[in-house]
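Enquirer: Please find one structure pasted underneath; my questions will follow.
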Amino acid sequence: MKRTIGTRPETFHFALLLLQACALIAQIVGVALPGTALLVGAAALGYAADLVMHAGRTAPPRVLGQLHAEAVTRQAVRDLLLVAGLLRLEDGPSTGFLLVCLGGLLFVHGAHVALQAGTVLVQRSRKLPVVTRNIDTSGLRLPSAPPAVITRRPGLRLLLAELPAVAGLSVTAAGGHSGWALGGVVLAAVLSAAALTMLALAFLPGRRAPRQEEVMEWFDEWLRDHRPTVGMYFSGGSSSAYQANMWLSALEKLEGRPVIVLRERAMVPRIGPTDLPIVCLPRVADLMRLGDSSLKVLLHPANAPKTSQVLRIPSIMHTFVNHGESDKLSSCNPYAKAYDEVWVAGPAARERYALAAVGVADEDVVEVGRPQLAGVERGSGPVPTGSPVTVLYAPTWEGWTDDPGNTSIVLAGETIVRRLLADPGVRLLYRPHPLTGSVDPRAGAANRRIIGLIEAARGAGPQFAATPEQREALERTQRELDRLTAAWSLSSADDLERMADKGMSGDLTVPEAMRRATEEWEGVYWAALAATEHQVLTGERPGLYSCFNHSDVLITDVSSVISEFMVSGKPYAVTNTTDLAEGAFREAFPTVRAGTVLTATAKGLDELLGVARGTHDDTLATAREELRTHLLGPAAPTSAERFQEAVHALAARVDERRAKAAGGTSQAVPRQRAGAV
């Protein structure tokens, strides 16, 4: 199953726009020329191109709105040119007939404007102050939404309504009976009127969304009944969702009825499959309601501007768990001192905060390990003789600074990949960071060149060695995952539809069904992969930890990937693209001390591959075990146990704080004077 680099949707859309522009010019020329063949053909071509563009899952290019060339404008010009074409007929229709056609078309376009206005009102009424998932909302009696083609696909809605009119006008312009044009326009008007009627039903008393006050009363009641004591708070852009998703498995295992608290509506479908209750509270005033709930502890995997808002709640303790630990400066951000505690994996992070002197007190640092790494398997030593070495190259992104040590992809990535591809005994798994190229265009360009090198090598070498049975199983599980993903994300749904969704797939919840399907897909994928088949892994599957389990060595940069890979005990290398000598580089970045250091010219790669093959002594094996304990803490008690204990301890501090607050300070709080002076 060879993968190719897909073209961007914008490229495809602009190609369709160019086709439409050419068709429009041809229509204008067709009106001026004798006969109507060119006019009718160009109109059909332009309409078809428009329909294809709007029927796709991606939105049309935004530049269309900036140029005031939306679908309604394009279709109006197309209609007028077709009507003008009727005047070219020798036995053309009467003026009255043309006026009827124009009147019908004006009604269709007027209905489109009315539908747009009504859609805005409907969408506003269906935007609730809280958005939830995995919570029973039957008590709210949430109404279903009008058909999506009416409220969410305006361009497609207009084109579908206009289809009979375009067809009828074209047939008549081509020499057919005038009844075709009249019938098409009338049918288009009927379809538009039907759409208006369906939208109007949403304003009936029984179809309206519940009032905001009613929704918040329901939410307060749910908080009282569910009584969550621990939660994860997350705010950020859609591309940062992975920072929260990596904590889902650990959060699901906690006691205390965990809950996920979000701030952005767009983040609700971005949170990965989970059975945990999800609550999105966009407004600060509604967020403050958590202060009167049973919630005691909130975990924070990332810093965000809106984090300061939830930190104002004094009845909740807040801890920073981070979304990864590394030797980067971002792993000891001064913002961390705003939290009640900072939970880290092991002693290395504690030392990092002490050396950084950013204001985080040592007594506020708690070592909990990395509970989500339970699925990473231990390595079994060198690869068997004659077997290829699977190398996982996972460079980090360029970061927010100009530090050349952030990513190796710009200065060394292509060299490393060329060396690996030139070795017939190596299988390369390339997994760039999702944010690669988001800050520095050079990183994005280097990433594309590396992918091109790998694709070229794949084309010349063995292909995906799947049996027919494996191919069928892979395609079947992929279809099932696509179906389940669509069922979970509800990407085209609005707030009410997400809240009303039961999240079930047969007898299983959708998240549980997705977990099982993912495990099956990954099992088939790795079994079917040829031993020497290079892979570019930029999608969600296979996951990073699955890649750890199916690789023999790791090449990366100074990043949290090192700490996570340490669980496997396998050899790893870190690329040095700084101006530091190897000794200084190891001293500056403790996570490098147990790994091979690669230069920008890939010096050290032969040594790394030799260790994996057993032809070089693994002199760093003991250092890796020591570093593993230093980075992640002891093996016993387990990280999951330490994580749970930390939650209990912090919750106990909350109980103490609340007891003190209720024990006698109330009389000392000044009251507002009852009357005027």
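Starting from 1 in every chain, residues are counted up; chains themselves are A, B, ... following the order of the structure tokens, and ligands are numbered from 1 as listed.
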Hey, what's within 10 Å of Leu481 of chain A if we count only C-alpha atoms and toss same-chain stuff fewer than 6 positions away? As a list of chain:residue names, please?

Expert: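 Counting only C-alpha atoms, the residues come to A:Glu475, A:Ala487, A:Ala513, A:Met514, A:Arg515, A:Arg516, A:Ala517, A:Thr518, A:Trp521.
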
Enquirer: Would you pick out the contacts of segment 428-439 of chain A at 9 Å or less, using only C-alpha atoms, so that residues sharing its chain but fewer than 4 positions from it are not included, and give the list as a PyMOL selection string?

Expert: chain A and resi 239-240+389-400+409+417+420-421+443-447+450-451+454+532-539+544+547+551

Enquirer: Between A:Val166, A:Val122, A:Ala71, A:Ile313, which residue has the minimum interatomic distance to Ala42 of chain A, considering only C-alpha atoms?

Expert: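 Distance minimum relative to Ala42 of chain A lands on A:Val166.
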
Enquirer: One decimal, in Å: what's the spacing between atom CA of Arg427 of chain A and atom CA of Thr578 of chain A?

Expert: 27.5 Å

Enquirer: If you run DSSP on the backbone, which residues of segment 313-539 of chain A are strand (DSSP E), as a list in words?

Expert: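 Written out, the strand (DSSP E) residues of segment 313-539 of chain A are Met317, His318, Thr319, Phe320, Glu341, Val342, Trp343, Val344, Val365, Val366, Glu367, Val389, Thr390, Val391, Leu392, Tyr393, Ala394, Val426, Arg427, Leu428, Leu429, Tyr430, Met504, Ser505, Leu508, Thr509, Gln535 and Val536 of chain A.
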
Enquirer: With only C-alpha atoms as the counted atoms, please give the residues lying no more than 10 Å from Ala348 of chain A, apart from itself and same-chain residues fewer than 4 positions off, as a count of residues only.

Expert: 17

Enquirer: Could you name the residues that touch Trp222 of chain A at 10 Å or less, counting only C-alpha atoms, but leaving out those on the same chain fewer than 4 positions away, as a PyMOL selection string?

Expert: chain A and resi 135-137+216-218+226-228

Enquirer: Could you name the residues that touch Ala111 of chain A at 12 Å or less, counting only C-alpha atoms, but leaving out those on the same chain fewer than 5 positions away, as a PyMOL selection string?

Expert: chain A and resi 72+104-106+116-119+150+154+157-158+161-162+188-197+199

Enquirer: For the residues selected in the previous step, produce a file with N, CA and C atoms as a JSON list (two decimals), in the first residue's frame.

Expert:
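Once written, out_26.json looks like this:
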```
[["chain", "number", "residue", "atom", "x", "y", "z"],
["A", 72, "VAL", "N", -22.99, 32.47, -4.92],
["A", 72, "VAL", "CA", -24.20, 33.16, -5.37],
["A", 72, "VAL", "C", -23.88, 34.11, -6.53],
["A", 104, "GLY", "N", -38.62, 33.86, -11.43],
["A", 104, "GLY", "CA", -38.35, 32.62, -10.70],
["A", 104, "GLY", "C", -36.92, 32.55, -10.20],
["A", 105, "LEU", "N", -35.98, 32.98, -11.04],
["A", 105, "LEU", "CA", -34.58, 32.97, -10.63],
["A", 105, "LEU", "C", -34.33, 33.97, -9.50],
["A", 106, "LEU", "N", -34.98, 35.13, -9.59],
["A", 106, "LEU", "CA", -34.84, 36.11, -8.51],
["A", 106, "LEU", "C", -35.40, 35.56, -7.20],
["A", 116, "GLN", "N", -29.88, 32.31, 4.40],
["A", 116, "GLN", "CA", -28.65, 32.69, 5.09],
["A", 116, "GLN", "C", -28.96, 33.44, 6.37],
["A", 117, "ALA", "N", -29.90, 34.39, 6.29],
["A", 117, "ALA", "CA", -30.28, 35.15, 7.49],
["A", 117, "ALA", "C", -30.89, 34.23, 8.55],
["A", 118, "GLY", "N", -31.77, 33.33, 8.12],
["A", 118, "GLY", "CA", -32.37, 32.39, 9.06],
["A", 118, "GLY", "C", -31.36, 31.45, 9.67],
["A", 119, "THR", "N", -30.38, 31.05, 8.86],
["A", 119, "THR", "CA", -29.34, 30.16, 9.36],
["A", 119, "THR", "C", -28.55, 30.81, 10.48],
["A", 150, "ILE", "N", -28.82, 22.67, 4.33],
["A", 150, "ILE", "CA", -29.53, 23.95, 4.38],
["A", 150, "ILE", "C", -28.77, 24.97, 5.20],
["A", 154, "PRO", "N", -23.99, 26.50, 2.37],
["A", 154, "PRO", "CA", -24.78, 27.44, 1.57],
["A", 154, "PRO", "C", -24.48, 27.37, 0.08],
["A", 157, "ARG", "N", -26.05, 24.26, -1.22],
["A", 157, "ARG", "CA", -27.50, 24.42, -1.18],
["A", 157, "ARG", "C", -28.01, 25.18, -2.40],
["A", 158, "LEU", "N", -27.36, 26.29, -2.73],
["A", 158, "LEU", "CA", -27.79, 27.09, -3.88],
["A", 158, "LEU", "C", -27.61, 26.32, -5.18],
["A", 161, "ALA", "N", -30.31, 23.66, -5.52],
["A", 161, "ALA", "CA", -31.60, 24.27, -5.83],
["A", 161, "ALA", "C", -31.65, 24.76, -7.28],
["A", 162, "GLU", "N", -30.51, 25.21, -7.80],
["A", 162, "GLU", "CA", -30.43, 25.76, -9.15],
["A", 162, "GLU", "C", -30.30, 24.68, -10.22],
["A", 188, "ALA", "N", -36.94, 24.79, -9.37],
["A", 188, "ALA", "CA", -35.92, 25.41, -8.52],
["A", 188, "ALA", "C", -36.57, 26.29, -7.47],
["A", 189, "ALA", "N", -37.62, 27.03, -7.86],
["A", 189, "ALA", "CA", -38.33, 27.87, -6.91],
["A", 189, "ALA", "C", -39.02, 27.03, -5.84],
["A", 190, "VAL", "N", -39.60, 25.89, -6.25],
["A", 190, "VAL", "CA", -40.26, 25.00, -5.29],
["A", 190, "VAL", "C", -39.26, 24.44, -4.29],
["A", 191, "LEU", "N", -38.09, 24.02, -4.78],
["A", 191, "LEU", "CA", -37.06, 23.50, -3.88],
["A", 191, "LEU", "C", -36.61, 24.56, -2.89],
["A", 192, "SER", "N", -36.46, 25.80, -3.34],
["A", 192, "SER", "CA", -36.05, 26.89, -2.45],
["A", 192, "SER", "C", -37.12, 27.16, -1.40],
["A", 193, "ALA", "N", -38.39, 27.12, -1.82],
["A", 193, "ALA", "CA", -39.48, 27.33, -0.87],
["A", 193, "ALA", "C", -39.53, 26.21, 0.15],
["A", 194, "ALA", "N", -39.26, 24.98, -0.28],
["A", 194, "ALA", "CA", -39.24, 23.85, 0.65],
["A", 194, "ALA", "C", -38.12, 24.00, 1.67],
["A", 195, "ALA", "N", -36.95, 24.50, 1.22],
["A", 195, "ALA", "CA", -35.84, 24.72, 2.14],
["A", 195, "ALA", "C", -36.20, 25.79, 3.17],
["A", 196, "LEU", "N", -36.87, 26.86, 2.73],
["A", 196, "LEU", "CA", -37.31, 27.90, 3.66],
["A", 196, "LEU", "C", -38.28, 27.34, 4.69],
["A", 197, "THR", "N", -39.17, 26.48, 4.25],
["A", 197, "THR", "CA", -40.14, 25.88, 5.16],
["A", 197, "THR", "C", -39.45, 25.01, 6.20],
["A", 199, "LEU", "N", -36.41, 25.24, 7.27],
["A", 199, "LEU", "CA", -35.67, 26.08, 8.21],
["A", 199, "LEU", "C", -36.62, 26.76, 9.19]]
```

Enquirer: My list of candidates is A:Leu254, A:Ile316, A:Val149, A:Ala23. Which is closest to Met288 of chain A when distances are computed with only C-alpha atoms?

Expert: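 Residue with the minimum atom-to-atom distance to Met288 of chain A: A:Ile316.
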
Enquirer: Please list as an NGL selection string every residue within 10 Å of Pro571 of chain A, counting only C-alpha atoms and excluding residues in the same chain fewer than 5 positions away.

Expert: :A and (379 or 381-382 or 552-555 or 565-566 or 594-596 or 608-609 or 611-612 or 618 or 620-621 or 624)

Enquirer: With N, CA and C atoms retained, could you export that selection as an mmCIF file, in the first residue's frame?

Expert:
```cif
data_model
loop_
_atom_site.group_PDB
_atom_site.id
_atom_site.type_symbol
_atom_site.label_atom_id
_atom_site.label_comp_id
_atom_site.auth_asym_id
_atom_site.auth_seq_id
_atom_site.Cartn_x
_atom_site.Cartn_y
_atom_site.Cartn_z
ATOM 1 N N GLY A 379 13.152 -3.510 25.006
ATOM 2 C CA GLY A 379 13.888 -4.119 23.917
ATOM 3 C C GLY A 379 14.506 -5.437 24.330
ATOM 4 N N GLY A 381 17.482 -6.649 22.914
ATOM 5 C CA GLY A 381 18.881 -6.745 22.521
ATOM 6 C C GLY A 381 19.077 -6.543 21.034
ATOM 7 N N PRO A 382 20.281 -6.862 20.528
ATOM 8 C CA PRO A 382 20.584 -6.650 19.105
ATOM 9 C C PRO A 382 19.642 -7.424 18.195
ATOM 10 N N ASP A 552 14.233 -0.478 16.376
ATOM 11 C CA ASP A 552 15.388 -0.990 17.119
ATOM 12 C C ASP A 552 16.227 0.127 17.716
ATOM 13 N N VAL A 553 16.256 1.286 17.065
ATOM 14 C CA VAL A 553 16.989 2.443 17.568
ATOM 15 C C VAL A 553 16.190 3.700 17.258
ATOM 16 N N LEU A 554 16.499 4.761 17.980
ATOM 17 C CA LEU A 554 15.850 6.052 17.785
ATOM 18 C C LEU A 554 16.896 7.107 17.469
ATOM 19 N N ILE A 555 16.586 7.950 16.486
ATOM 20 C CA ILE A 555 17.374 9.155 16.231
ATOM 21 C C ILE A 555 16.436 10.334 16.413
ATOM 22 N N PHE A 565 11.190 7.319 25.145
ATOM 23 C CA PHE A 565 11.837 6.154 24.541
ATOM 24 C C PHE A 565 12.692 5.398 25.553
ATOM 25 N N MET A 566 13.112 6.073 26.630
ATOM 26 C CA MET A 566 13.994 5.438 27.610
ATOM 27 C C MET A 566 13.356 4.211 28.239
ATOM 28 N N ALA A 594 23.304 9.267 27.807
ATOM 29 C CA ALA A 594 23.309 7.819 27.587
ATOM 30 C C ALA A 594 23.076 7.464 26.130
ATOM 31 N N GLY A 595 23.222 8.438 25.236
ATOM 32 C CA GLY A 595 22.988 8.186 23.826
ATOM 33 C C GLY A 595 24.190 8.512 22.972
ATOM 34 N N THR A 596 24.127 8.073 21.729
ATOM 35 C CA THR A 596 25.146 8.420 20.747
ATOM 36 C C THR A 596 24.879 9.834 20.246
ATOM 37 N N LEU A 608 26.098 3.687 16.007
ATOM 38 C CA LEU A 608 24.743 3.422 16.480
ATOM 39 C C LEU A 608 24.176 2.170 15.828
ATOM 40 N N LEU A 609 24.325 2.057 14.506
ATOM 41 C CA LEU A 609 23.811 0.888 13.797
ATOM 42 C C LEU A 609 24.573 -0.368 14.208
ATOM 43 N N VAL A 611 25.806 -1.017 17.184
ATOM 44 C CA VAL A 611 25.262 -1.457 18.474
ATOM 45 C C VAL A 611 23.957 -2.210 18.258
ATOM 46 N N ALA A 612 23.108 -1.698 17.367
ATOM 47 C CA ALA A 612 21.827 -2.357 17.099
ATOM 48 C C ALA A 612 22.027 -3.737 16.494
ATOM 49 N N ASP A 618 27.844 -2.448 23.268
ATOM 50 C CA ASP A 618 26.864 -1.477 23.761
ATOM 51 C C ASP A 618 27.381 -0.897 25.069
ATOM 52 N N LEU A 620 26.908 1.894 26.380
ATOM 53 C CA LEU A 620 26.018 2.842 27.059
ATOM 54 C C LEU A 620 24.803 2.161 27.684
ATOM 55 N N ALA A 621 24.778 0.826 27.678
ATOM 56 C CA ALA A 621 23.608 0.106 28.196
ATOM 57 C C ALA A 621 23.359 0.428 29.667
ATOM 58 N N ARG A 624 22.101 3.934 30.114
ATOM 59 C CA ARG A 624 20.698 4.111 29.753
ATOM 60 C C ARG A 624 19.779 3.719 30.901
#
```

Enquirer: May I ask which of the residues A:Met317, A:Val215, A:Ala202, A:Val383 is the closest one to Gly139 of chain A, counting only C-alpha atoms?

Expert: A:Val215

Enquirer: Grab the atom CA of Arg483 of chain A to atom CA of Pro273 of chain A distance for me, in Å with one decimal place.

Expert: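 Taking atom CA of Arg483 of chain A and atom CA of Pro273 of chain A, their separation equals 13.0 Å.
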
Enquirer: To one decimal place in Å, what is the distance between atom CA of Asp340 of chain A and atom CA of His318 of chain A?

Expert: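 Interatomic distance, atom CA of Asp340 of chain A to atom CA of His318 of chain A: 5.3 Å.
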